[in-house]
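Student: Enclosed is the structure file start.pdb (PDB, C-alpha atoms, pLDDT in the B column).
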```pdb
ATOM      1  CA  MET A   1      -9.416 -11.473 -17.313  1.00 92.00           C
ATOM      2  CA  LEU A   2     -10.648 -12.248 -13.841  1.00 95.00           C
ATOM      3  CA  ARG A   3     -12.861 -10.318 -11.497  1.00 96.00           C
ATOM      4  CA  VAL A   4     -11.350 -10.502  -8.012  1.00 98.00           C
ATOM      5  CA  GLU A   5     -13.459  -9.399  -5.059  1.00 98.00           C
ATOM      6  CA  ILE A   6     -12.094  -8.777  -1.592  1.00 98.00           C
ATOM      7  CA  MET A   7     -14.521  -8.343   1.307  1.00 97.00           C
ATOM      8  CA  ALA A   8     -13.116  -7.608   4.737  1.00 96.00           C
ATOM      9  CA  ASN A   9     -13.653  -5.870   8.037  1.00 95.00           C
ATOM     10  CA  ARG A  10     -12.883  -2.166   7.758  1.00 96.00           C
ATOM     11  CA  SER A  11     -10.356  -2.569  10.585  1.00 95.00           C
ATOM     12  CA  VAL A  12      -7.931  -4.265   8.167  1.00 98.00           C
ATOM     13  CA  GLU A  13      -8.507  -2.037   5.125  1.00 98.00           C
ATOM     14  CA  GLU A  14      -5.132  -0.269   5.380  1.00 98.00           C
ATOM     15  CA  ASN A  15      -3.373  -3.593   5.928  1.00 98.00           C
ATOM     16  CA  ILE A  16      -4.895  -5.029   2.767  1.00 98.00           C
ATOM     17  CA  LEU A  17      -4.066  -1.962   0.678  1.00 98.00           C
ATOM     18  CA  GLU A  18      -0.473  -2.015   1.981  1.00 98.00           C
ATOM     19  CA  ALA A  19      -0.148  -5.744   1.249  1.00 98.00           C
ATOM     20  CA  LEU A  20      -1.434  -5.232  -2.301  1.00 98.00           C
ATOM     21  CA  ALA A  21       1.073  -2.409  -2.818  1.00 98.00           C
ATOM     22  CA  GLY A  22       3.839  -4.603  -1.398  1.00 98.00           C
ATOM     23  CA  GLU A  23       3.047  -7.263  -4.015  1.00 97.00           C
ATOM     24  CA  GLY A  24       2.803  -4.597  -6.710  1.00 98.00           C
ATOM     25  CA  VAL A  25      -0.781  -5.603  -7.550  1.00 98.00           C
ATOM     26  CA  GLY A  26      -4.279  -4.180  -7.270  1.00 97.00           C
ATOM     27  CA  LYS A  27      -3.302  -0.685  -8.376  1.00 97.00           C
ATOM     28  CA  TYR A  28      -6.646  -0.155 -10.104  1.00 97.00           C
ATOM     29  CA  TYR A  29      -9.797  -1.077  -8.223  1.00 98.00           C
ATOM     30  CA  THR A  30     -13.335  -0.117  -7.378  1.00 98.00           C
ATOM     31  CA  LYS A  31     -13.894   0.349  -3.670  1.00 98.00           C
ATOM     32  CA  TYR A  32     -17.150  -0.092  -1.800  1.00 98.00           C
ATOM     33  CA  PRO A  33     -16.318   1.800   1.405  1.00 98.00           C
ATOM     34  CA  VAL A  34     -19.153   0.403   3.535  1.00 97.00           C
ATOM     35  CA  ILE A  35     -20.728  -3.026   3.175  1.00 97.00           C
ATOM     36  CA  HIS A  36     -23.251  -4.516   5.577  1.00 97.00           C
ATOM     37  CA  GLY A  37     -24.053  -8.205   5.748  1.00 94.00           C
ATOM     38  CA  VAL A  38     -23.701 -11.484   7.587  1.00 92.00           C
ATOM     39  CA  GLY A  39     -20.847 -13.898   7.015  1.00 87.00           C
ATOM     40  CA  SER A  40     -19.124 -16.720   8.821  1.00 85.00           C
ATOM     41  CA  THR A  41     -17.616 -14.300  11.365  1.00 83.00           C
ATOM     42  CA  GLY A  42     -21.003 -12.756  12.209  1.00 87.00           C
ATOM     43  CA  PRO A  43     -23.083  -9.712  11.337  1.00 93.00           C
ATOM     44  CA  ARG A  44     -21.524  -6.423  10.231  1.00 93.00           C
ATOM     45  CA  MET A  45     -24.420  -3.977  10.166  1.00 96.00           C
ATOM     46  CA  GLY A  46     -22.968  -0.646  11.322  1.00 94.00           C
ATOM     47  CA  ASP A  47     -25.669  -0.198  13.961  1.00 95.00           C
ATOM     48  CA  ALA A  48     -25.806  -0.146  17.753  1.00 94.00           C
ATOM     49  CA  ILE A  49     -26.189  -3.925  18.011  1.00 95.00           C
ATOM     50  CA  TRP A  50     -23.695  -4.978  15.296  1.00 94.00           C
ATOM     51  CA  PRO A  51     -21.445  -1.896  14.976  1.00 94.00           C
ATOM     52  CA  GLU A  52     -18.713  -3.291  12.737  1.00 94.00           C
ATOM     53  CA  GLU A  53     -18.697  -2.739   8.976  1.00 96.00           C
ATOM     54  CA  ASN A  54     -16.968  -4.290   6.001  1.00 96.00           C
ATOM     55  CA  PHE A  55     -15.504  -2.769   2.863  1.00 98.00           C
ATOM     56  CA  GLY A  56     -14.991  -4.286  -0.550  1.00 98.00           C
ATOM     57  CA  LEU A  57     -12.606  -4.043  -3.481  1.00 98.00           C
ATOM     58  CA  VAL A  58     -13.298  -5.219  -7.021  1.00 98.00           C
ATOM     59  CA  ILE A  59     -10.282  -5.662  -9.270  1.00 98.00           C
ATOM     60  CA  TRP A  60     -10.274  -6.767 -12.915  1.00 96.00           C
ATOM     61  CA  CYS A  61      -6.923  -8.334 -13.751  1.00 96.00           C
ATOM     62  CA  GLU A  62      -5.003 -11.079 -15.487  1.00 95.00           C
ATOM     63  CA  LYS A  63      -4.342 -14.422 -13.791  1.00 94.00           C
ATOM     64  CA  GLU A  64      -0.774 -13.547 -12.763  1.00 96.00           C
ATOM     65  CA  GLU A  65      -1.932 -10.405 -10.939  1.00 97.00           C
ATOM     66  CA  ALA A  66      -4.786 -12.362  -9.324  1.00 96.00           C
ATOM     67  CA  LEU A  67      -2.223 -14.769  -7.872  1.00 96.00           C
ATOM     68  CA  GLY A  68      -0.335 -11.823  -6.341  1.00 97.00           C
ATOM     69  CA  ILE A  69      -3.582 -10.464  -4.918  1.00 98.00           C
ATOM     70  CA  GLY A  70      -4.221 -13.876  -3.388  1.00 97.00           C
ATOM     71  CA  ARG A  71      -0.785 -13.868  -1.744  1.00 97.00           C
ATOM     72  CA  ALA A  72      -1.329 -10.366  -0.348  1.00 98.00           C
ATOM     73  CA  VAL A  73      -4.738 -11.229   1.098  1.00 98.00           C
ATOM     74  CA  ALA A  74      -3.429 -14.511   2.537  1.00 97.00           C
ATOM     75  CA  ALA A  75      -0.683 -12.630   4.380  1.00 98.00           C
ATOM     76  CA  VAL A  76      -3.210 -10.264   5.960  1.00 98.00           C
ATOM     77  CA  LYS A  77      -5.520 -13.167   6.862  1.00 97.00           C
ATOM     78  CA  GLU A  78      -2.595 -14.850   8.604  1.00 97.00           C
ATOM     79  CA  SER A  79      -1.942 -11.712  10.676  1.00 97.00           C
ATOM     80  CA  PHE A  80      -5.636 -11.171  11.483  1.00 97.00           C
ATOM     81  CA  PRO A  81      -7.313 -14.605  11.516  1.00 94.00           C
ATOM     82  CA  GLY A  82     -10.517 -13.463  13.233  1.00 90.00           C
ATOM     83  CA  GLU A  83     -11.343 -10.436  11.077  1.00 91.00           C
ATOM     84  CA  GLY A  84     -13.475 -12.000   8.356  1.00 90.00           C
ATOM     85  CA  ILE A  85     -11.332 -11.454   5.262  1.00 95.00           C
ATOM     86  CA  LYS A  86     -12.634 -13.122   2.087  1.00 95.00           C
ATOM     87  CA  ILE A  87     -11.448 -13.191  -1.512  1.00 97.00           C
ATOM     88  CA  PHE A  88     -13.395 -14.428  -4.532  1.00 96.00           C
ATOM     89  CA  GLY A  89     -12.441 -14.759  -8.174  1.00 93.00           C
ATOM     90  CA  LEU A  90     -14.770 -14.944 -11.155  1.00 86.00           C
ATOM     91  CA  PRO A  91     -13.817 -15.406 -14.813  1.00 81.00           C
ATOM     92  CA  GLU A  92     -14.926 -12.855 -17.374  1.00 72.00           C
ATOM     93  CA  ASN A  93     -18.092 -13.935 -19.221  1.00 67.00           C
TER      94      ASN A  93
END
```
Write the structure described by the file as structure tokens, please.
Tutor:
Amino acid sequence: MLRVEIMANRSVEENILEALAGEGVGKYYTKYPVIHGVGSTGPRMGDAIWPEENFGLVIWCEKEEALGIGRAVAAVKESFPGEGIKIFGLPEN
């Protein structure tokens, strides 16, 4: 099993969920609705200075599903190249 993490700007949350559904993957996940931090596209702090926020999904799945998740996220990244969409995969320990 793999742990797949998706971190993205909240503005593309619906797009990511729709893309996952379109691939038939990511049906079961843990969602972190608000994530603050600093990445390559800048701060997301949810305050007056840096008002944007991120969200996160954690999905445990088999390799085949992880590949579908990767395709779904890549499609959204292509449509929204400046929105700070990241995906990470970690093997089960």
Student: At what distance in Å, to one decimal, does CA of Trp60 in chain A lie from CA of Ser79 in chain A?
Tutor: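 CA of Ser79 in chain A sits 25.5 Å away from CA of Trp60 in chain A.
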Student: So what do you get for CA of Ile85 in chain A versus CA of Gly37 in chain A, distance-wise?
Tutor: 13.1 Å
Student: How far is it from CA of Thr41 in chain A to CA of Glu83 in chain A, in Å with one decimal?
Tutor: 7.4 Å
Student: Hey, which of A:Asp47, A:Glu14, A:Glu23, A:Glu92 ends up closest to Glu64 in chain A? Count only C-alpha atoms.
Tutor: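 Counting only C-alpha atoms, the residue closest to Glu64 in chain A is A:Glu23.
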Student: Hey, which of A:Pro43, A:Gly89, A:Gly70, A:Pro33 ends up closest to Phe55 in chain A? Count all atoms listed in the file.
Tutor: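 Of the candidates, the smallest distance to Phe55 in chain A is held by A:Pro33.
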Student: Starting from the PyMOL selection byres ((chain A and resi 73) around 9), expand the selection into actual residues of this file and give them as a ChimeraX atom specification.
Tutor: /A:6,16,19-20,68-72,74-78,85-87
Student: Out of A:Gly24, A:Met45, A:Glu52, A:Ser40, which residue has the shortest atom-to-atom distance to Asn9 in chain A when counting only C-alpha atoms?
Tutor: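 For Asn9 in chain A, the nearest of the given residues is A:Glu52.
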Student: Please write the residues picked by the PyMOL selection byres ((chain A and resi 36) around 7) on this file as a VMD selection string.
Tutor: chain A and resid 34 to 35 37 44 to 46 53 to 54
